[in-house]
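Novice: One file: input_3.pdb (PDB, C-alpha atoms).
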MODEL        1
ATOM      1  CA  MET A 803       0.000   0.000   0.000  1.00  0.00           C
ATOM      2  CA  SER A 804       1.237   3.475  -0.745  1.00  0.00           C
ATOM      3  CA  VAL A 805       1.959   5.962   2.054  1.00  0.00           C
ATOM      4  CA  TYR A 806       0.370   9.402   2.264  1.00  0.00           C
ATOM      5  CA  VAL A 807       1.626  12.111   4.630  1.00  0.00           C
ATOM      6  CA  LYS A 808      -0.042  15.429   5.431  1.00  0.00           C
ATOM      7  CA  LEU A 809       2.588  17.959   6.511  1.00  0.00           C
ATOM      8  CA  ALA A 810       2.057  20.923   8.807  1.00  0.00           C
ATOM      9  CA  PRO A 811       2.284  24.329   7.104  1.00  0.00           C
ATOM     10  CA  GLU A 812       5.304  25.090   9.301  1.00  0.00           C
ATOM     11  CA  ALA A 813       7.178  22.202   7.630  1.00  0.00           C
ATOM     12  CA  ARG A 814       7.350  24.020   4.310  1.00  0.00           C
ATOM     13  CA  SER A 815      10.448  25.907   3.332  1.00  0.00           C
ATOM     14  CA  PRO A 816      10.246  29.709   3.828  1.00  0.00           C
ATOM     15  CA  ALA A 817      10.146  30.248   0.040  1.00  0.00           C
ATOM     16  CA  GLU A 818       6.917  28.229  -0.363  1.00  0.00           C
ATOM     17  CA  PRO A 819       3.525  29.823   0.206  1.00  0.00           C
ATOM     18  CA  SER A 820       1.859  28.556   3.382  1.00  0.00           C
ATOM     19  CA  SER A 821      -1.713  28.121   2.229  1.00  0.00           C
ATOM     20  CA  GLY A 822      -2.415  25.002   4.257  1.00  0.00           C
ATOM     21  CA  PRO A 823      -1.051  21.489   4.693  1.00  0.00           C
ATOM     22  CA  LEU A 824       1.066  19.894   2.027  1.00  0.00           C
ATOM     23  CA  ASP A 825       0.337  16.308   1.018  1.00  0.00           C
ATOM     24  CA  MET A 826       3.245  13.982   0.247  1.00  0.00           C
ATOM     25  CA  GLN A 827       2.582  10.742  -1.605  1.00  0.00           C
ATOM     26  CA  TYR A 828       4.883   7.761  -1.873  1.00  0.00           C
ATOM     27  CA  GLU A 829       3.296   5.582  -4.547  1.00  0.00           C
ATOM     28  CA  ASP A 830       3.907   1.842  -4.753  1.00  0.00           C
ATOM     29  CA  LYS A 831       5.246   0.470  -8.018  1.00  0.00           C
ATOM     30  CA  PRO A 832       3.630  -2.900  -8.687  1.00  0.00           C
ATOM     31  CA  VAL A 833       5.967  -5.885  -8.364  1.00  0.00           C
ATOM     32  CA  SER A 834       9.140  -3.855  -7.611  1.00  0.00           C
ATOM     33  CA  VAL A 835       8.720  -1.342  -4.747  1.00  0.00           C
ATOM     34  CA  THR A 836       6.284  -0.684  -1.914  1.00  0.00           C
ATOM     35  CA  TYR A 837       6.315   1.964   0.797  1.00  0.00           C
ATOM     36  CA  GLU A 838       5.758   1.597   4.538  1.00  0.00           C
ATOM     37  CA  TYR A 839       6.171   3.917   7.500  1.00  0.00           C
ATOM     38  CA  ASP A 840       7.241   3.658  11.111  1.00  0.00           C
ATOM     39  CA  LEU A 841       7.332   5.999  14.077  1.00  0.00           C
ATOM     40  CA  HIS A 842      10.219   6.781  16.384  1.00  0.00           C
ATOM     41  CA  PRO A 843       9.327   7.127  20.093  1.00  0.00           C
ATOM     42  CA  SER A 844      10.004  10.871  19.707  1.00  0.00           C
ATOM     43  CA  GLY A 845       7.141  11.115  17.214  1.00  0.00           C
ATOM     44  CA  ALA A 846       9.369  11.367  14.149  1.00  0.00           C
ATOM     45  CA  LEU A 847       8.006   9.651  11.042  1.00  0.00           C
ATOM     46  CA  ARG A 848      10.109   7.532   8.657  1.00  0.00           C
ATOM     47  CA  ILE A 849       9.031   6.499   5.175  1.00  0.00           C
ATOM     48  CA  LEU A 850      10.648   3.233   4.053  1.00  0.00           C
ATOM     49  CA  ARG A 851      11.089   2.050   0.466  1.00  0.00           C
ATOM     50  CA  VAL A 852      10.759  -1.736   0.493  1.00  0.00           C
ATOM     51  CA  SER A 853      12.209  -3.723  -2.405  1.00  0.00           C
ATOM     52  CA  GLU A 854      11.686  -7.440  -2.787  1.00  0.00           C
ATOM     53  CA  ASN A 855      15.323  -8.113  -3.683  1.00  0.00           C
ATOM     54  CA  GLY A 856      17.091  -5.368  -1.765  1.00  0.00           C
ATOM     55  CA  PRO A 857      17.438  -3.717   1.619  1.00  0.00           C
ATOM     56  CA  HIS A 858      14.832  -1.341   3.004  1.00  0.00           C
ATOM     57  CA  VAL A 859      15.822   2.283   2.414  1.00  0.00           C
ATOM     58  CA  VAL A 860      14.709   5.384   4.324  1.00  0.00           C
ATOM     59  CA  GLU A 861      13.005   7.433   1.611  1.00  0.00           C
ATOM     60  CA  GLY A 862      11.751  10.259   3.826  1.00  0.00           C
ATOM     61  CA  PHE A 863      12.005  11.500   7.399  1.00  0.00           C
ATOM     62  CA  PHE A 864       9.759  14.035   9.118  1.00  0.00           C
ATOM     63  CA  ALA A 865      10.249  15.528  12.583  1.00  0.00           C
ATOM     64  CA  ALA A 866       7.471  15.115  15.135  1.00  0.00           C
ATOM     65  CA  GLY A 867       6.049  18.617  14.596  1.00  0.00           C
ATOM     66  CA  ALA A 868       6.355  18.518  10.812  1.00  0.00           C
ATOM     67  CA  TRP A 869       3.579  16.053  10.012  1.00  0.00           C
ATOM     68  CA  LEU A 870      -0.117  15.992  10.900  1.00  0.00           C
ATOM     69  CA  GLN A 871      -1.434  12.677   9.524  1.00  0.00           C
ATOM     70  CA  VAL A 872      -0.135   9.528   7.856  1.00  0.00           C
ATOM     71  CA  ALA A 873      -1.941   6.681   6.082  1.00  0.00           C
ATOM     72  CA  GLY A 874      -0.536   3.490   4.646  1.00  0.00           C
ATOM     73  CA  THR A 875       1.182   0.334   5.818  1.00  0.00           C
ATOM     74  CA  TYR A 876       2.707   0.634   9.283  1.00  0.00           C
ATOM     75  CA  ARG A 877       5.937  -1.280   9.915  1.00  0.00           C
ATOM     76  CA  ARG A 878       5.824  -2.519  13.508  1.00  0.00           C
ATOM     77  CA  SER A 879       8.721  -1.963  15.910  1.00  0.00           C
ATOM     78  CA  GLY A 880      11.176  -4.805  15.971  1.00  0.00           C
ATOM     79  CA  SER A 881      10.796  -5.506  12.262  1.00  0.00           C
ATOM     80  CA  GLU A 882      14.085  -5.895  10.445  1.00  0.00           C
ATOM     81  CA  TYR A 883      15.273  -3.342   7.905  1.00  0.00           C
TER
ENDMDL
END
Could you rewrite the structure in this file as structure tokens?
Specialist:
Amino acid sequence: MSVYVKLAPEARSPAEPSSGPLDMQYEDKPVSVTYEYDLHPSGALRILRVSENGPHVVEGFFAAGAWLQVAGTYRRSGSEY
């Protein structure tokens, strides 16, 4: 399942207009790549790119105050990367 993240307006760079939350989408590619997320105890959010034949790669990282919502496949703590 793909992962969708809604960022807080404060997470945008100063050069971008702040007209509300920004949506980030990490779209799965059938057969080759899927995306999952996990949460650090601090509240930080990691987006993981999962390949069938390769290691998991951190595709995105958002500080605790930078994101508002996330939807997608959650990777439980203790899972191997």
Novice: From (10.5, -2.7, -6.6), in the file's coordinates, out to 10 Å: which residues are reached, counting all atoms listed in the file? Answer as a VMD selection string.
Specialist: chain A and resid 830 to 837 851 to 856
Novice: Choose the residue, out of A:Gly867, A:Pro811, A:Asp825, A:Val872, that has the smallest atom-to-atom separation from Ile849 (chain A); count all atoms listed in the file.
Specialist: A:Val872
Novice: For CA of Tyr806 (chain A) and CA of Pro857 (chain A), quote the distance in Å rounded to one decimal.
Specialist: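 Going from CA of Tyr806 (chain A) over to CA of Pro857 (chain A), I get 21.5 Å.
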Novice: Written as number ranges by chain, which residues does the PyMOL selection byres ((chain A and resi 874) around 7) give for the file shown?
Specialist: A: 803-806, 838, 872-873, 875-876
Novice: Record the distance separating CA of His842 (chain A) and CA of Phe863 (chain A), expressed in Å with one decimal.
Specialist: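 So the answer is 10.3 Å.
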Novice: Do you know which residues are at most 10 Å from Val807 (chain A) counting all atoms listed in the file, after dropping those on the same chain fewer than 3 positions away, and could you put them as a list in words?
Specialist: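 The contact residues come out as Ala810, Pro823, Leu824, Asp825, Met826, Gln827, Tyr828, Tyr839, Leu847, Ile849, Phe864, Trp869, Leu870, Gln871, Val872, Ala873 and Gly874 of chain A.
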Novice: With all atoms listed in the file as the basis for distance, which of A:Gly845, A:Lys808, A:Ala813, A:Arg877 is at the shortest distance from His858 (chain A)?
Specialist: A:Arg877
Novice: Work out where the centre of an axis-aligned box around every listed atom of region 866-878 of chain A lies and how long its edges are once 3 Å is added on each side; give both in Å to one decimal as lines of an AutoDock Vina configuration file.
Specialist:
center_x = 2.8
center_y = 8.0
center_z = 9.9
size_x = 15.4
size_y = 27.1
size_z = 16.5
